[in-house]
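Asks: Next comes structure.pdb, PDB, C-alpha atoms:
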```
MODEL        1
ATOM      1  CA  ALA A   1      22.297 168.650 -24.441
ATOM      2  CA  THR A   2      22.290 168.085 -28.202
ATOM      3  CA  HIS A   3      25.970 167.102 -28.226
ATOM      4  CA  PRO A   4      26.723 165.748 -24.737
ATOM      5  CA  TRP A   5      29.938 164.124 -25.905
ATOM      6  CA  TYR A   6      31.340 167.634 -26.413
ATOM      7  CA  TYR A   7      29.606 169.940 -23.945
ATOM      8  CA  VAL A   8      30.200 167.894 -20.810
ATOM      9  CA  ASN A   9      33.037 166.409 -18.820
ATOM     10  CA  ASP A  10      33.740 162.819 -19.825
ATOM     11  CA  SER A  11      32.988 161.684 -16.259
ATOM     12  CA  THR A  12      29.322 162.696 -16.146
ATOM     13  CA  TYR A  13      28.770 161.657 -19.731
ATOM     14  CA  GLN A  14      30.080 158.209 -18.850
ATOM     15  CA  ILE A  15      27.833 158.152 -15.778
ATOM     16  CA  ASP A  16      24.851 158.882 -18.036
ATOM     17  CA  LEU A  17      25.910 155.994 -20.259
ATOM     18  CA  ALA A  18      26.254 153.761 -17.187
ATOM     19  CA  GLY A  19      22.689 154.622 -16.186
ATOM     20  CA  GLU A  20      21.455 153.573 -19.609
ATOM     21  CA  LEU A  21      23.340 150.288 -19.301
ATOM     22  CA  VAL A  22      21.694 149.606 -15.925
ATOM     23  CA  LEU A  23      18.260 150.317 -17.399
ATOM     24  CA  ASP A  24      19.084 147.820 -20.157
ATOM     25  CA  GLY A  25      19.965 145.188 -17.537
ATOM     26  CA  ASP A  26      23.701 145.371 -18.196
ATOM     27  CA  THR A  27      26.653 146.259 -15.963
ATOM     28  CA  PRO A  28      28.751 149.363 -16.639
ATOM     29  CA  TYR A  29      31.858 147.664 -15.228
ATOM     30  CA  GLY A  30      34.175 146.041 -17.753
ATOM     31  CA  HIS A  31      32.115 147.545 -20.562
ATOM     32  CA  ASP A  32      33.692 148.712 -23.826
ATOM     33  CA  TYR A  33      32.578 152.329 -24.225
ATOM     34  CA  ARG A  34      33.896 152.661 -27.765
ATOM     35  CA  GLY A  35      31.038 153.462 -30.103
ATOM     36  CA  SER A  36      29.025 155.054 -27.286
ATOM     37  CA  GLY A  37      30.042 158.615 -28.169
ATOM     38  CA  LEU A  38      32.494 158.849 -25.259
ATOM     39  CA  GLU A  39      35.398 158.265 -27.619
ATOM     40  CA  ARG A  40      34.496 161.472 -29.508
ATOM     41  CA  TRP A  41      35.022 163.637 -26.432
ATOM     42  CA  TYR A  42      38.799 163.365 -26.406
ATOM     43  CA  PRO A  43      39.597 164.638 -29.916
ATOM     44  CA  ALA A  44      36.883 167.280 -29.483
ATOM     45  CA  VAL A  45      38.803 168.837 -26.582
ATOM     46  CA  ASP A  46      42.177 168.384 -28.315
ATOM     47  CA  ALA A  47      43.324 165.783 -25.806
ATOM     48  CA  ASP A  48      46.782 164.307 -26.297
ATOM     49  CA  GLU A  49      46.456 161.394 -28.711
ATOM     50  CA  ASN A  50      49.349 159.568 -27.026
ATOM     51  CA  VAL A  51      47.525 159.277 -23.698
ATOM     52  CA  PRO A  52      45.597 155.993 -23.299
ATOM     53  CA  ARG A  53      41.834 156.471 -23.013
ATOM     54  CA  VAL A  54      41.408 154.134 -20.059
ATOM     55  CA  ALA A  55      37.892 155.463 -19.395
ATOM     56  CA  LEU A  56      36.808 153.681 -22.569
ATOM     57  CA  ASP A  57      37.487 150.380 -20.795
ATOM     58  CA  HIS A  58      36.758 151.287 -17.163
ATOM     59  CA  PHE A  59      33.895 152.774 -15.171
ATOM     60  CA  ALA A  60      35.744 154.144 -12.144
ATOM     61  CA  TYR A  61      32.780 155.129  -9.980
ATOM     62  CA  PHE A  62      31.044 153.177  -7.241
ATOM     63  CA  PRO A  63      27.646 151.609  -8.063
ATOM     64  CA  GLY A  64      25.639 154.439  -6.525
ATOM     65  CA  THR A  65      26.508 156.670  -9.462
ATOM     66  CA  ALA A  66      25.209 154.158 -11.999
ATOM     67  CA  LEU A  67      22.060 153.527  -9.947
ATOM     68  CA  THR A  68      21.257 157.217  -9.485
ATOM     69  CA  ALA A  69      22.012 157.837 -13.165
ATOM     70  CA  ALA A  70      19.595 155.063 -14.115
ATOM     71  CA  ALA A  71      16.891 156.617 -11.953
ATOM     72  CA  TRP A  72      17.652 160.089 -13.307
ATOM     73  CA  ARG A  73      17.403 158.893 -16.911
ATOM     74  CA  LEU A  74      13.671 158.402 -16.237
ATOM     75  CA  VAL A  75      13.265 162.176 -15.844
ATOM     76  CA  PRO A  76      11.848 163.832 -18.997
ATOM     77  CA  ALA A  77      14.440 165.162 -21.438
ATOM     78  CA  PRO A  78      16.417 167.390 -21.487
ATOM     79  CA  PHE A  79      16.466 167.359 -17.673
ATOM     80  CA  ASP A  80      17.606 163.733 -17.612
ATOM     81  CA  ASP A  81      21.195 164.973 -17.959
ATOM     82  CA  TYR A  82      23.088 163.840 -14.835
ATOM     83  CA  ARG A  83      24.519 167.346 -14.491
ATOM     84  CA  VAL A  84      21.049 168.539 -13.498
ATOM     85  CA  PHE A  85      21.090 166.033 -10.643
ATOM     86  CA  VAL A  86      24.564 167.253  -9.658
ATOM     87  CA  LEU A  87      23.303 170.846  -9.750
ATOM     88  CA  LEU A  88      20.337 170.059  -7.497
ATOM     89  CA  CYS A  89      22.607 168.268  -5.016
ATOM     90  CA  THR A  90      24.927 171.277  -5.046
ATOM     91  CA  LEU A  91      22.040 173.626  -4.251
ATOM     92  CA  ALA A  92      20.847 171.211  -1.553
ATOM     93  CA  LEU A  93      24.150 171.705   0.262
ATOM     94  CA  PHE A  94      22.854 175.115   1.342
ATOM     95  CA  ALA A  95      19.758 173.505   2.875
ATOM     96  CA  ALA A  96      21.900 170.809   4.518
ATOM     97  CA  ALA A  97      23.911 173.476   6.331
ATOM     98  CA  LEU A  98      20.687 174.785   7.880
ATOM     99  CA  LEU A  99      20.196 171.441   9.654
ATOM    100  CA  PHE A 100      23.076 172.088  12.022
ATOM    101  CA  ASP A 101      22.163 173.407  15.459
ATOM    102  CA  ALA A 102      24.225 176.580  15.180
ATOM    103  CA  PRO A 103      23.624 180.342  15.043
ATOM    104  CA  LEU A 104      21.756 181.288  11.881
ATOM    105  CA  SER A 105      24.554 183.555  10.664
ATOM    106  CA  TRP A 106      27.022 180.675  10.824
ATOM    107  CA  LYS A 107      24.619 178.319   9.045
ATOM    108  CA  LEU A 108      23.979 180.818   6.256
ATOM    109  CA  ALA A 109      27.703 181.385   5.811
ATOM    110  CA  ALA A 110      28.378 177.640   5.817
ATOM    111  CA  GLY A 111      25.595 176.997   3.311
ATOM    112  CA  ALA A 112      26.974 179.634   0.969
ATOM    113  CA  ALA A 113      30.494 178.238   1.334
ATOM    114  CA  LEU A 114      29.312 174.715   0.567
ATOM    115  CA  ALA A 115      26.988 175.445  -2.338
ATOM    116  CA  ALA A 116      28.540 178.505  -3.978
ATOM    117  CA  ASN A 117      32.290 178.021  -3.714
ATOM    118  CA  PRO A 118      34.157 177.986  -7.056
ATOM    119  CA  LEU A 119      34.810 174.239  -6.909
ATOM    120  CA  ALA A 120      31.124 173.408  -6.436
ATOM    121  CA  THR A 121      29.824 175.806  -9.076
ATOM    122  CA  ARG A 122      32.397 174.697 -11.631
ATOM    123  CA  ALA A 123      31.573 171.056 -10.952
ATOM    124  CA  ALA A 124      27.877 171.653 -11.532
ATOM    125  CA  TRP A 125      28.597 173.486 -14.767
ATOM    126  CA  PHE A 126      31.398 171.364 -16.155
ATOM    127  CA  GLY A 127      30.237 167.945 -15.039
ATOM    128  CA  THR A 128      32.271 166.467 -12.175
ATOM    129  CA  ALA A 129      29.982 164.453  -9.963
ATOM    130  CA  ASP A 130      31.164 164.803  -6.363
ATOM    131  CA  ALA A 131      28.173 166.830  -5.125
ATOM    132  CA  PRO A 132      25.745 163.928  -4.436
ATOM    133  CA  SER A 133      28.236 162.131  -2.195
ATOM    134  CA  VAL A 134      29.429 165.384  -0.598
ATOM    135  CA  LEU A 135      25.807 166.260   0.225
ATOM    136  CA  LEU A 136      25.203 162.927   1.955
ATOM    137  CA  THR A 137      28.477 163.238   3.876
ATOM    138  CA  VAL A 138      27.403 166.655   5.192
ATOM    139  CA  LEU A 139      24.030 165.196   6.140
ATOM    140  CA  ALA A 140      25.758 162.365   8.020
ATOM    141  CA  PHE A 141      27.621 164.865  10.210
ATOM    142  CA  ALA A 142      24.459 166.942  10.666
ATOM    143  CA  PHE A 143      22.401 163.931  11.737
ATOM    144  CA  VAL A 144      25.063 162.822  14.228
ATOM    145  CA  ALA A 145      25.059 166.341  15.678
ATOM    146  CA  ARG A 146      21.281 166.073  16.081
ATOM    147  CA  SER A 147      21.491 162.538  17.538
ATOM    148  CA  ARG A 148      19.742 160.994  14.519
ATOM    149  CA  TYR A 149      22.176 158.134  14.327
ATOM    150  CA  VAL A 150      20.323 155.746  12.015
ATOM    151  CA  LEU A 151      19.718 158.557   9.540
ATOM    152  CA  ALA A 152      23.407 159.424   9.790
ATOM    153  CA  ALA A 153      24.338 155.820   8.977
ATOM    154  CA  ALA A 154      21.964 155.791   6.009
ATOM    155  CA  SER A 155      23.430 159.051   4.704
ATOM    156  CA  LEU A 156      26.981 157.791   5.117
ATOM    157  CA  GLY A 157      26.138 154.520   3.383
ATOM    158  CA  GLY A 158      24.677 156.425   0.458
ATOM    159  CA  ALA A 159      27.715 158.705   0.341
ATOM    160  CA  VAL A 160      30.115 155.750   0.163
ATOM    161  CA  LEU A 161      27.948 154.059  -2.447
ATOM    162  CA  LEU A 162      28.236 157.176  -4.598
ATOM    163  CA  LYS A 163      31.940 157.946  -4.149
ATOM    164  CA  GLN A 164      34.880 156.069  -2.675
ATOM    165  CA  PHE A 165      36.186 159.230  -1.015
ATOM    166  CA  ALA A 166      33.371 159.178   1.554
ATOM    167  CA  LEU A 167      34.986 156.093   3.113
ATOM    168  CA  VAL A 168      37.463 158.444   4.793
ATOM    169  CA  ALA A 169      34.599 159.892   6.880
ATOM    170  CA  VAL A 170      33.660 156.467   8.301
ATOM    171  CA  PRO A 171      36.240 156.252  11.148
ATOM    172  CA  PHE A 172      35.505 159.800  12.325
ATOM    173  CA  LEU A 173      31.756 159.258  12.425
ATOM    174  CA  VAL A 174      32.223 155.913  14.181
ATOM    175  CA  VAL A 175      34.392 157.597  16.820
ATOM    176  CA  ALA A 176      31.696 160.272  17.187
ATOM    177  CA  LEU A 177      29.065 157.619  17.933
ATOM    178  CA  LEU A 178      31.299 155.851  20.428
ATOM    179  CA  ALA A 179      32.256 159.110  22.139
ATOM    180  CA  ARG A 180      28.579 159.955  22.556
ATOM    181  CA  ALA A 181      27.948 156.609  24.271
ATOM    182  CA  VAL A 182      25.140 155.753  21.868
ATOM    183  CA  PRO A 183      23.133 152.772  23.200
ATOM    184  CA  ARG A 184      24.154 149.478  21.678
ATOM    185  CA  PRO A 185      20.766 148.703  20.080
ATOM    186  CA  VAL A 186      20.938 152.024  18.240
ATOM    187  CA  LEU A 187      24.530 151.356  17.209
ATOM    188  CA  TYR A 188      23.543 147.958  15.870
ATOM    189  CA  ARG A 189      20.632 149.406  13.897
ATOM    190  CA  ALA A 190      22.865 152.116  12.470
ATOM    191  CA  ALA A 191      25.529 149.598  11.485
ATOM    192  CA  ALA A 192      22.903 147.321   9.926
ATOM    193  CA  VAL A 193      21.483 150.170   7.853
ATOM    194  CA  PHE A 194      24.949 151.218   6.685
ATOM    195  CA  VAL A 195      25.946 147.688   5.671
ATOM    196  CA  ALA A 196      22.565 146.905   4.105
ATOM    197  CA  LEU A 197      22.756 149.944   1.841
ATOM    198  CA  LEU A 198      26.242 149.044   0.664
ATOM    199  CA  VAL A 199      25.327 145.405   0.073
ATOM    200  CA  ALA A 200      22.134 146.293  -1.776
ATOM    201  CA  GLY A 201      23.998 148.689  -4.039
ATOM    202  CA  ILE A 202      27.153 146.682  -4.679
ATOM    203  CA  LEU A 203      25.921 143.069  -4.703
ATOM    204  CA  PRO A 204      24.122 143.097  -8.090
ATOM    205  CA  PHE A 205      27.254 144.370  -9.837
ATOM    206  CA  ALA A 206      29.495 142.031  -7.843
ATOM    207  CA  ILE A 207      27.360 139.090  -8.941
ATOM    208  CA  ALA A 208      27.350 140.248 -12.567
ATOM    209  CA  ASP A 209      31.140 140.584 -12.818
ATOM    210  CA  PRO A 210      33.163 140.824  -9.572
ATOM    211  CA  GLY A 211      36.501 141.092 -11.374
ATOM    212  CA  ALA A 212      35.354 144.013 -13.508
ATOM    213  CA  LEU A 213      33.888 145.781 -10.475
ATOM    214  CA  TRP A 214      37.208 145.532  -8.610
ATOM    215  CA  ASP A 215      39.355 146.440 -11.608
ATOM    216  CA  ASP A 216      37.272 149.487 -12.499
ATOM    217  CA  THR A 217      36.692 150.992  -9.059
ATOM    218  CA  ILE A 218      39.907 150.086  -7.205
ATOM    219  CA  ALA A 219      42.698 149.098  -9.604
ATOM    220  CA  TYR A 220      41.701 151.768 -12.143
ATOM    221  CA  GLY A 221      42.535 154.710  -9.911
ATOM    222  CA  ALA A 222      45.359 153.117  -7.956
ATOM    223  CA  GLN A 223      47.283 151.510 -10.819
ATOM    224  CA  THR A 224      45.906 152.273 -14.283
ATOM    225  CA  TYR A 225      45.308 155.995 -14.524
ATOM    226  CA  ARG A 226      48.175 158.268 -15.431
ATOM    227  CA  ILE A 227      49.694 160.600 -12.833
ATOM    228  CA  ILE A 228      47.843 163.919 -12.787
ATOM    229  CA  GLY A 229      47.903 166.963 -10.552
ATOM    230  CA  TYR A 230      50.047 168.518  -7.858
ATOM    231  CA  GLY A 231      50.170 165.640  -5.408
ATOM    232  CA  LEU A 232      53.242 163.731  -4.310
ATOM    233  CA  ALA A 233      53.261 161.631  -7.478
ATOM    234  CA  GLY A 234      53.331 164.781  -9.602
ATOM    235  CA  VAL A 235      56.130 166.252  -7.508
ATOM    236  CA  LEU A 236      58.210 163.076  -7.823
ATOM    237  CA  LEU A 237      57.633 163.156 -11.557
ATOM    238  CA  GLU A 238      58.728 166.777 -11.844
ATOM    239  CA  VAL A 239      61.959 166.266  -9.878
ATOM    240  CA  GLY A 240      62.852 163.188 -11.912
ATOM    241  CA  ILE A 241      62.389 160.438  -9.310
ATOM    242  CA  LEU A 242      59.572 159.027 -11.426
ATOM    243  CA  ASP A 243      60.111 158.805 -15.164
ATOM    244  CA  ASP A 244      56.683 158.020 -16.578
ATOM    245  CA  ARG A 245      53.156 159.225 -15.851
ATOM    246  CA  LEU A 246      51.931 155.728 -16.656
ATOM    247  CA  GLY A 247      54.643 153.937 -14.694
ATOM    248  CA  SER A 248      54.441 152.266 -11.293
ATOM    249  CA  TYR A 249      53.895 154.347  -8.169
ATOM    250  CA  PRO A 250      53.930 152.997  -4.574
ATOM    251  CA  PHE A 251      50.562 154.359  -3.481
ATOM    252  CA  LEU A 252      49.608 151.424  -1.250
ATOM    253  CA  PRO A 253      52.848 151.448   0.820
ATOM    254  CA  LEU A 254      52.566 155.224   1.200
ATOM    255  CA  ALA A 255      48.954 154.937   2.309
ATOM    256  CA  LEU A 256      49.860 152.292   4.895
ATOM    257  CA  LEU A 257      52.932 154.111   6.203
ATOM    258  CA  VAL A 258      51.654 157.699   6.119
ATOM    259  CA  TRP A 259      47.898 158.027   5.692
ATOM    260  CA  LEU A 260      46.779 155.173   7.957
ATOM    261  CA  PRO A 261      48.838 156.202  11.037
ATOM    262  CA  LEU A 262      47.872 159.843  10.526
ATOM    263  CA  THR A 263      44.182 158.956  10.307
ATOM    264  CA  ALA A 264      44.463 156.796  13.419
ATOM    265  CA  TRP A 265      46.080 159.695  15.294
ATOM    266  CA  LEU A 266      43.397 162.117  14.117
ATOM    267  CA  ALA A 267      40.672 159.705  15.231
ATOM    268  CA  TRP A 268      42.419 159.299  18.605
ATOM    269  CA  THR A 269      42.562 163.075  18.971
ATOM    270  CA  GLN A 270      38.848 163.223  18.274
ATOM    271  CA  TRP A 271      38.203 160.492  20.865
ATOM    272  CA  ARG A 272      40.134 162.354  23.528
ATOM    273  CA  SER A 273      38.373 165.643  22.810
ATOM    274  CA  ARG A 274      34.878 164.066  22.535
ATOM    275  CA  ARG A 275      33.998 166.825  20.062
ATOM    276  CA  LEU A 276      32.358 166.285  16.699
ATOM    277  CA  TRP A 277      33.982 169.346  15.124
ATOM    278  CA  VAL A 278      37.380 167.807  15.777
ATOM    279  CA  GLY A 279      36.214 164.749  13.841
ATOM    280  CA  ALA A 280      35.118 166.889  10.885
ATOM    281  CA  ALA A 281      38.490 168.662  10.923
ATOM    282  CA  GLY A 282      40.224 165.278  11.112
ATOM    283  CA  PHE A 283      38.235 164.107   8.106
ATOM    284  CA  ALA A 284      39.345 167.200   6.168
ATOM    285  CA  ALA A 285      43.008 166.543   6.970
ATOM    286  CA  SER A 286      42.787 162.813   6.309
ATOM    287  CA  VAL A 287      41.063 163.086   2.939
ATOM    288  CA  PHE A 288      43.512 165.771   1.808
ATOM    289  CA  VAL A 289      46.488 163.553   2.670
ATOM    290  CA  ILE A 290      45.062 160.530   0.830
ATOM    291  CA  PHE A 291      44.546 162.708  -2.240
ATOM    292  CA  TYR A 292      48.061 164.091  -1.965
ATOM    293  CA  LEU A 293      49.531 160.596  -1.841
ATOM    294  CA  ALA A 294      47.440 159.228  -4.722
ATOM    295  CA  ARG A 295      48.397 158.972  -8.385
ATOM    296  CA  VAL A 296      45.688 161.455  -9.296
ATOM    297  CA  PHE A 297      45.024 164.747  -7.530
ATOM    298  CA  GLN A 298      42.395 166.563  -9.560
ATOM    299  CA  ASN A 299      41.571 170.140  -8.574
ATOM    300  CA  SER A 300      37.941 169.077  -8.153
ATOM    301  CA  TYR A 301      38.945 166.749  -5.297
ATOM    302  CA  LEU A 302      39.578 169.776  -3.082
ATOM    303  CA  ILE A 303      35.815 170.042  -2.549
ATOM    304  CA  TRP A 304      36.173 167.217  -0.005
ATOM    305  CA  PRO A 305      38.652 168.776   2.472
ATOM    306  CA  LEU A 306      36.917 172.136   1.971
ATOM    307  CA  THR A 307      33.608 170.536   2.952
ATOM    308  CA  GLY A 308      35.190 168.990   6.041
ATOM    309  CA  LEU A 309      36.568 172.355   7.117
ATOM    310  CA  VAL A 310      33.230 174.145   6.628
ATOM    311  CA  VAL A 311      31.390 171.446   8.586
ATOM    312  CA  SER A 312      34.033 171.672  11.319
ATOM    313  CA  PHE A 313      33.581 175.433  11.608
ATOM    314  CA  VAL A 314      29.804 175.273  11.835
ATOM    315  CA  LEU A 315      29.962 172.448  14.405
ATOM    316  CA  ALA A 316      32.470 174.409  16.490
ATOM    317  CA  SER A 317      30.209 177.468  16.375
ATOM    318  CA  SER A 318      27.340 175.269  17.558
ATOM    319  CA  GLU A 319      29.368 174.088  20.550
ATOM    320  CA  ARG A 320      30.386 177.625  21.452
ATOM    321  CA  ALA A 321      26.776 178.791  21.214
ATOM    322  CA  GLY A 322      25.691 175.908  23.426
ATOM    323  CA  SER A 323      28.336 176.748  26.013
ATOM    324  CA  ALA A 324      27.248 180.395  26.017
ATOM    325  CA  ARG A 325      23.598 179.424  26.585
ATOM    326  CA  SER A 326      24.515 177.154  29.470
TER     327      SER A 326
ENDMDL
END
```
As structure tokens - that is how I would like this structure written.
Replies:
Amino acid sequence: ATHPWYYVNDSTYQIDLAGELVLDGDTPYGHDYRGSGLERWYPAVDADENVPRVALDHFAYFPGTALTAAAWRLVPAPFDDYRVFVLLCTLALFAAALLFDAPLSWKLAAGAALAANPLATRAAWFGTADAPSVLLTVLAFAFVARSRYVLAAASLGGAVLLKQFALVAVPFLVVALLARAVPRPVLYRAAAVFVALLVAGILPFAIADPGALWDDTIAYGAQTYRIIGYGLAGVLLEVGILDDRLGSYPFLPLALLVWLPLTAWLAWTQWRSRRLWVGAAGFAASVFVIFYLARVFQNSYLIWPLTGLVVSFVLASSERAGSARS
């Protein structure tokens, strides 16, 4: 806490800085983070000096992270560190698993798998900030399972506002609502809540600087950041098809030709089965494929398909328990 530029991942430190900017009435998008302390993190961890520090010019996270960081900065020090918020959201994953209508043993196992797996515990310690959005995504599935559709829409809207990855869950939860023949007035209210949350969170930053918002959150990850990880881009780099980690990579064509048809097929499979656990499994497969095709495939991203699989298992156990009771 005394030297956050060294003892934290650059992502959560930048999120803390973004929260301070919001409290000062400024936008974190398009901001020059040189002189903020963030620039000291890279030499402190012996990072390669030849790699561009694009995070010094981009804030890659959706507005929900900056807004929650701003709110969390109001907490008394030293607990105003965003990692504390990430830790609490990680612990809350255990409680979220208990909301599913499933045998207690399955819920306890699912809660432990969600909150205490190595990816989640390392993220809370080291400072990668997926847990808040992951928590809301789990809650969205839990609320759909309990027929609390407006709450599910609110949770999903918050999840998307916090992390772009939660967008992959949208088609599977929409199919779940349609398969359950939810009354139209309820569907409309759920859709209105979802859209209202996104608009309320994104609009202030879009008004402040729409170009910076787009460049930082969309173009940053798809075009600017260097190739990292064991995804397709890394494989192509290793076998010599790609020459440069900072060079061009056809992510968008691959997403349209591979990920989009696959996701449509998974959603269709869910529709035919009319089962929510199939949707959670489809989400796990879809989000893994989009990560695999992307320029960047960080190890921390695996928390998303893992979460989808755990939710799928606990939902399937709930259906089996319901069939046994009937």
Asks: Quick one: everything within 10 Å of range 60-70 of chain A, counting all atoms listed in the file, minus sequence neighbours fewer than 6 positions away in the same chain. Send it as a PyMOL selection string.
Replies: chain A and resi 11-12+14-24+27-30+54+80-83+85+129-130+132-133+157-164+197-198+200-206+213-221
Asks: Once the PyMOL selection byres ((chain A and resi 227) around 6) has been evaluated on this model, what residues remain selected, and can you format them as a ChimeraX atom specification?
Replies: /A:226,228,245,295-296
Asks: Here's the selection I'm unsure about, the PyMOL selection byres ((chain A and resi 55) around 10); applied to the file above, which residues does it give, as JSON, numbers by chain?
Replies: {"A": [10, 11, 14, 31, 32, 33, 34, 38, 39, 52, 53, 54, 56, 57, 58, 59, 60, 216, 220, 225]}
Asks: One number please: CA of Val174 in chain A to CA of Leu232 in chain A, in Å, one decimal.
Replies: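 Separating CA of Val174 in chain A from CA of Leu232 in chain A is a distance of 29.1 Å.
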Asks: What is the CA of Val289 in chain A to CA of Ser312 in chain A distance in Å?
Replies: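 Value for the CA of Val289 in chain A-CA of Ser312 in chain A distance: 17.2 Å.
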Asks: Tell me which residues the PyMOL selection byres ((chain A and resi 189) around 12) grabs here, as a list in words.
Replies: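 With the PyMOL selection byres ((chain A and resi 189) around 12) on this model, the match is Arg148, Tyr149, Val150, Leu151, Ala152, Ala153, Ala154, Val182, Pro183, Arg184, Pro185, Val186, Leu187, Tyr188, Ala190, Ala191, Ala192, Val193, Phe194, Val195 and Ala196 of chain A.
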Asks: Can you give me all heavy atoms for range 177-183 of chain A, written as a PDB file, keeping the file's coordinate frame?
Replies:
```pdb
ATOM      1  N   LEU A 177      30.127 158.411  17.300  1.00  0.00           N
ATOM      2  CA  LEU A 177      29.065 157.619  17.933  1.00  0.00           C
ATOM      3  C   LEU A 177      29.549 156.991  19.235  1.00  0.00           C
ATOM      4  O   LEU A 177      28.824 156.974  20.240  1.00  0.00           O
ATOM      5  CB  LEU A 177      28.583 156.528  16.972  1.00  0.00           C
ATOM      6  CG  LEU A 177      27.936 156.984  15.662  1.00  0.00           C
ATOM      7  CD1 LEU A 177      27.427 155.790  14.884  1.00  0.00           C
ATOM      8  CD2 LEU A 177      26.799 157.967  15.922  1.00  0.00           C
ATOM      9  N   LEU A 178      30.771 156.468  19.215  1.00  0.00           N
ATOM     10  CA  LEU A 178      31.299 155.851  20.428  1.00  0.00           C
ATOM     11  C   LEU A 178      31.525 156.883  21.523  1.00  0.00           C
ATOM     12  O   LEU A 178      31.260 156.620  22.704  1.00  0.00           O
ATOM     13  CB  LEU A 178      32.607 155.123  20.109  1.00  0.00           C
ATOM     14  CG  LEU A 178      32.501 153.944  19.126  1.00  0.00           C
ATOM     15  CD1 LEU A 178      33.882 153.381  18.823  1.00  0.00           C
ATOM     16  CD2 LEU A 178      31.582 152.859  19.673  1.00  0.00           C
ATOM     17  N   ALA A 179      32.003 158.062  21.151  1.00  0.00           N
ATOM     18  CA  ALA A 179      32.256 159.110  22.139  1.00  0.00           C
ATOM     19  C   ALA A 179      30.964 159.611  22.766  1.00  0.00           C
ATOM     20  O   ALA A 179      30.954 160.082  23.907  1.00  0.00           O
ATOM     21  CB  ALA A 179      33.009 160.272  21.486  1.00  0.00           C
ATOM     22  N   ARG A 180      29.869 159.508  22.037  1.00  0.00           N
ATOM     23  CA  ARG A 180      28.579 159.955  22.556  1.00  0.00           C
ATOM     24  C   ARG A 180      27.860 158.869  23.370  1.00  0.00           C
ATOM     25  O   ARG A 180      26.736 159.080  23.816  1.00  0.00           O
ATOM     26  CB  ARG A 180      27.680 160.388  21.396  1.00  0.00           C
ATOM     27  CG  ARG A 180      28.093 161.729  20.792  1.00  0.00           C
ATOM     28  CD  ARG A 180      27.415 161.989  19.467  1.00  0.00           C
ATOM     29  NE  ARG A 180      27.583 163.395  19.110  1.00  0.00           N
ATOM     30  CZ  ARG A 180      26.605 164.296  19.117  1.00  0.00           C
ATOM     31  NH1 ARG A 180      25.385 163.936  19.451  1.00  0.00           N
ATOM     32  NH2 ARG A 180      26.840 165.549  18.788  1.00  0.00           N
ATOM     33  N   ALA A 181      28.525 157.722  23.502  1.00  0.00           N
ATOM     34  CA  ALA A 181      27.948 156.609  24.271  1.00  0.00           C
ATOM     35  C   ALA A 181      26.550 156.255  23.778  1.00  0.00           C
ATOM     36  O   ALA A 181      25.600 156.101  24.550  1.00  0.00           O
ATOM     37  CB  ALA A 181      27.916 156.945  25.766  1.00  0.00           C
ATOM     38  N   VAL A 182      26.418 156.127  22.468  1.00  0.00           N
ATOM     39  CA  VAL A 182      25.140 155.753  21.868  1.00  0.00           C
ATOM     40  C   VAL A 182      24.768 154.350  22.332  1.00  0.00           C
ATOM     41  O   VAL A 182      25.622 153.451  22.351  1.00  0.00           O
ATOM     42  CB  VAL A 182      25.243 155.809  20.330  1.00  0.00           C
ATOM     43  CG1 VAL A 182      23.944 155.348  19.678  1.00  0.00           C
ATOM     44  CG2 VAL A 182      25.593 157.221  19.883  1.00  0.00           C
ATOM     45  N   PRO A 183      23.529 154.111  22.751  1.00  0.00           N
ATOM     46  CA  PRO A 183      23.133 152.772  23.200  1.00  0.00           C
ATOM     47  C   PRO A 183      23.408 151.706  22.148  1.00  0.00           C
ATOM     48  O   PRO A 183      23.277 151.956  20.937  1.00  0.00           O
ATOM     49  CB  PRO A 183      21.620 152.924  23.445  1.00  0.00           C
ATOM     50  CG  PRO A 183      21.436 154.377  23.728  1.00  0.00           C
ATOM     51  CD  PRO A 183      22.439 155.091  22.879  1.00  0.00           C
TER      52      PRO A 183
END
```
